[in-house]
Amino acid sequence: MGHLLPIRPEEEEDDAESWSLKKQALIQDAARNLFNGGLEQRIQAARDIRKLARSSVRTRSSFAAAGVIPPLISMLNSSEIDAKEASLLALLNLAVRNERNKVKIVKAGAVPPLIELLKLEDGGLRELATAAVLTLSASPANKPIITAAGAAPLLGRILNSGTVQGKVDAVTALYNLSTCTENQIPILDCGAVFPLISLLKECKKYSKFAEKTTALLESLSHTEEGIIAIASSEGGILALVETIEDGSLVSTEHAVGALLALCQSCREKYRELILQEGAIPGLLQLTVQGTAKAQHRARALLELLRDTREPKPLSSAEIETIVYDIAARVDGAEKAAETAKRLLQDMVKRSMELSMSSIEQRAFSCTPSDSSSSSEMPSS
């Protein structure tokens, strides 16, 4: 058996350079076919771009520099389903982990055709368009543009009727959009909270889907409209309480954050509703087992849930009744009225004495001393 010769460093460099040159040639070929080829050639070029773009961020940037983004976007408007699908997948791969490409794709006009694709009844294309919106919405610069184009209601519709993957992507896309404060109202206006609560009730509380759903609900709970929507959804508070009990570290943190936002917004209104759903055991558990942020939130919520109401002052009639009962036990029922009258008079006298004493002390404390007076005299 022959000995294997070690590969010299210069041979490795030659191989790397050869592959780099080959890849550049492939990039240029794909771009050329995309610009100048017929429909079938353009579809194949888009598929080649999708495949090659997987390899590295550098390759994705090279494709963008070669100018492939605008012709891929124009293919989204094609009447051919294969063309739409191939260009969608290529754009998706170009945008993954590449912030500049995300922004370039949106600036080149991808959002309007994506919105049209979200309106389709075709589940496959709609699901791909949802994934594309999810990827592009991760860029802060793209969030207002995507929301202004009307994405929120269409993503909200997918929460009700999409595939499982479509719903996951729609929830994540809506969360990405909700982190831009001005986008929260359009999301709430499309009625997203009600299907979100339904999805949270149905899913496993420790699942990734629950994490994404509770993250979005917590984001929306920072608005008054979001709080009202969560509290008025049937089983909304209960779903959050159950997530605190059975969720992952991530979902429990978001769930307790949403409940805390409710209680902080109006303790009198939401305290009893949260208590009625049996939140205390889960919150106590979270103060020990949750993330640092979840523990802090759980303690803050437990403090708000405590019954810290001040005792109501007794009315005159209630005081008289109490004093009469005491007098009856001391001197008997026959002399109770006379004794009660005397006790009440003593109480009033004592109260007046305490009030006068308090007034005198305050007056004394406000009177400047002799030393302070002399120190403020003008010097001679």
# chains A, B, ... in the order shown; residues from 1 in each chain; ligands from 1

$ residues_around --residues "Leu177 in chain A" --least-positions-apart "4" --cutoff "10 Å" --atoms "only C-alpha atoms" --output "JSON, numbers by chain"
{"A": [133, 134, 137, 138, 139, 140, 142, 143, 144, 145, 146, 147, 151, 152, 171, 172, 173, 181, 182, 183, 184, 186, 187, 216]}

$ residues_around --residues "Leu302 in chain A" --least-positions-apart "2" --cutoff "12 Å" --atoms "only C-alpha atoms" --output "PDB file with C-alpha atoms, in the first residue's frame"
ATOM      1  CA  VAL A 256     -44.658  37.225  33.046  1.00  0.00           C
ATOM      2  CA  LEU A 259     -48.940  39.993  32.841  1.00  0.00           C
ATOM      3  CA  LEU A 260     -46.792  42.540  34.672  1.00  0.00           C
ATOM      4  CA  CYS A 263     -51.124  44.830  36.296  1.00  0.00           C
ATOM      5  CA  GLN A 264     -48.925  47.928  36.124  1.00  0.00           C
ATOM      6  CA  ARG A 267     -53.798  47.199  39.268  1.00  0.00           C
ATOM      7  CA  ARG A 271     -55.200  42.137  39.874  1.00  0.00           C
ATOM      8  CA  ILE A 274     -54.784  37.400  37.307  1.00  0.00           C
ATOM      9  CA  LEU A 275     -55.363  35.957  40.783  1.00  0.00           C
ATOM     10  CA  ALA A 279     -50.992  32.757  39.015  1.00  0.00           C
ATOM     11  CA  ILE A 280     -49.319  32.680  42.451  1.00  0.00           C
ATOM     12  CA  PRO A 281     -47.730  29.158  42.397  1.00  0.00           C
ATOM     13  CA  GLY A 282     -46.165  29.677  38.977  1.00  0.00           C
ATOM     14  CA  LEU A 283     -44.873  33.124  39.939  1.00  0.00           C
ATOM     15  CA  LEU A 284     -43.325  31.798  43.150  1.00  0.00           C
ATOM     16  CA  GLN A 285     -41.622  29.056  41.143  1.00  0.00           C
ATOM     17  CA  LEU A 286     -40.380  31.640  38.640  1.00  0.00           C
ATOM     18  CA  THR A 287     -38.713  33.715  41.365  1.00  0.00           C
ATOM     19  CA  GLN A 295     -37.272  36.502  38.498  1.00  0.00           C
ATOM     20  CA  HIS A 296     -37.287  40.289  38.797  1.00  0.00           C
ATOM     21  CA  ARG A 297     -40.584  40.531  36.913  1.00  0.00           C
ATOM     22  CA  ALA A 298     -42.179  37.744  38.971  1.00  0.00           C
ATOM     23  CA  ARG A 299     -41.268  39.484  42.234  1.00  0.00           C
ATOM     24  CA  ALA A 300     -42.633  42.795  40.957  1.00  0.00           C
ATOM     25  CA  LEU A 304     -48.663  44.085  42.902  1.00  0.00           C
ATOM     26  CA  LEU A 305     -50.878  41.059  43.535  1.00  0.00           C
ATOM     27  CA  ARG A 306     -50.554  41.376  47.311  1.00  0.00           C
ATOM     28  CA  ASP A 307     -53.598  42.753  49.132  1.00  0.00           C
ATOM     29  CA  THR A 308     -52.090  46.000  50.385  1.00  0.00           C
TER      30      THR A 308
END

$ atom_distance --atom1 "CA of Lys205 in chain A" --atom2 "CA of Gly247 in chain A"
4.5 Å

$ residues_around --residues "range 32-45 of chain A" --least-positions-apart "3" --cutoff "10 Å" --atoms "only C-alpha atoms" --output "list in words"
Leu26, Ile27, Gln28, Asp29, Asp48, Ile49, Arg50, Lys51, Ala66, Gly67, Val68, Ile69, Pro70, Pro71, Leu72, Met75, Ser78, Glu80, Asp82, Ala83, Lys84, Glu85, Ala86, Ser87 and Ala90 of chain A

$ closest_residue --among "A:Ala261, A:Ser248, A:Gly236, A:Ala210" --to "Thr223 in chain A" --atoms "only C-alpha atoms"
A:Ala261

$ atom_distance --atom1 "CA of Ser251 in chain A" --atom2 "CA of Val164 in chain A"
18.8 Å

$ select_by_dssp --residues "range 10-240 of chain A" --states "helix (DSSP H, G or I)" --output "VMD selection string"
chain A and resid 10 to 36 39 to 53 57 to 65 69 to 75 81 to 95 99 to 107 111 to 118 123 to 136 143 to 148 151 to 161 164 to 178 181 to 189 193 to 202 208 to 220 224 to 232 236 to 240

$ decode --residues "range 136-219 of chain A" --atoms "C-alpha atoms" --output "compact mmCIF listing (two decimals), in the first residue's frame"
# COMPACT_ATOMS: atom_id res chain seq x y z
CA LEU A 136 -36.33 41.16 5.45
CA SER A 137 -38.19 42.46 8.54
CA ALA A 138 -35.19 41.60 10.71
CA SER A 139 -33.51 44.77 9.40
CA PRO A 140 -34.53 47.91 11.34
CA ALA A 141 -34.42 50.00 8.17
CA ASN A 142 -37.01 47.75 6.49
CA LYS A 143 -39.61 47.56 9.28
CA PRO A 144 -41.52 50.81 8.56
CA ILE A 145 -41.51 50.17 4.79
CA ILE A 146 -42.94 46.65 5.19
CA THR A 147 -45.64 47.79 7.62
CA ALA A 148 -46.59 50.81 5.49
CA ALA A 149 -47.09 48.47 2.52
CA GLY A 150 -49.84 46.64 4.44
CA ALA A 151 -48.07 43.48 5.55
CA ALA A 152 -49.60 43.30 9.04
CA PRO A 153 -53.21 42.37 8.09
CA LEU A 154 -51.98 39.75 5.61
CA LEU A 155 -49.65 38.19 8.18
CA GLY A 156 -52.52 38.29 10.67
CA ARG A 157 -54.68 36.35 8.23
CA ILE A 158 -51.99 33.67 7.98
CA LEU A 159 -52.22 33.22 11.77
CA ASN A 160 -55.76 31.96 11.19
CA SER A 161 -55.41 29.97 7.99
CA GLY A 162 -51.76 29.27 7.20
CA THR A 163 -49.72 26.10 7.46
CA VAL A 164 -47.85 25.38 10.70
CA GLN A 165 -44.60 26.77 9.23
CA GLY A 166 -46.50 29.71 7.77
CA LYS A 167 -47.93 30.57 11.18
CA VAL A 168 -44.51 30.32 12.83
CA ASP A 169 -42.99 32.64 10.21
CA ALA A 170 -45.95 35.05 10.41
CA VAL A 171 -45.65 35.31 14.21
CA THR A 172 -41.90 35.95 13.96
CA ALA A 173 -42.34 38.52 11.19
CA LEU A 174 -45.00 40.35 13.22
CA TYR A 175 -42.69 40.32 16.24
CA ASN A 176 -39.88 41.80 14.14
CA LEU A 177 -42.22 44.55 12.99
CA SER A 178 -43.60 45.18 16.49
CA THR A 179 -40.17 46.10 17.87
CA CYS A 180 -40.60 49.36 15.93
CA THR A 181 -43.07 51.18 18.23
CA GLU A 182 -45.07 52.89 15.48
CA ASN A 183 -45.79 49.49 13.92
CA GLN A 184 -47.65 48.13 16.96
CA ILE A 185 -50.96 49.89 16.27
CA PRO A 186 -51.30 48.49 12.71
CA ILE A 187 -50.60 45.02 14.11
CA LEU A 188 -53.27 45.48 16.78
CA ASP A 189 -55.71 46.97 14.28
CA CYS A 190 -55.59 43.78 12.21
CA GLY A 191 -56.80 41.78 15.24
CA ALA A 192 -53.62 39.76 15.68
CA VAL A 193 -53.99 39.28 19.45
CA PHE A 194 -57.00 36.95 19.32
CA PRO A 195 -55.42 34.33 17.01
CA LEU A 196 -52.15 34.68 18.93
CA ILE A 197 -53.92 33.75 22.18
CA SER A 198 -55.63 30.82 20.45
CA LEU A 199 -52.30 29.58 19.10
CA LEU A 200 -50.67 29.93 22.52
CA LYS A 201 -53.48 27.93 24.13
CA GLU A 202 -53.05 25.12 21.59
CA CYS A 203 -49.26 24.81 21.45
CA LYS A 204 -46.80 23.26 23.89
CA LYS A 205 -45.78 26.03 26.26
CA TYR A 206 -42.09 25.12 26.13
CA SER A 207 -41.97 25.08 22.30
CA LYS A 208 -40.14 27.58 20.09
CA PHE A 209 -43.52 28.63 18.77
CA ALA A 210 -44.66 29.54 22.28
CA GLU A 211 -41.49 31.58 22.71
CA LYS A 212 -42.19 33.56 19.54
CA THR A 213 -45.88 34.00 20.39
CA THR A 214 -45.28 35.23 23.94
CA ALA A 215 -42.52 37.54 22.69
CA LEU A 216 -45.01 39.20 20.35
CA LEU A 217 -47.73 39.38 23.03
CA GLU A 218 -45.31 41.00 25.45
CA SER A 219 -44.28 43.52 22.80
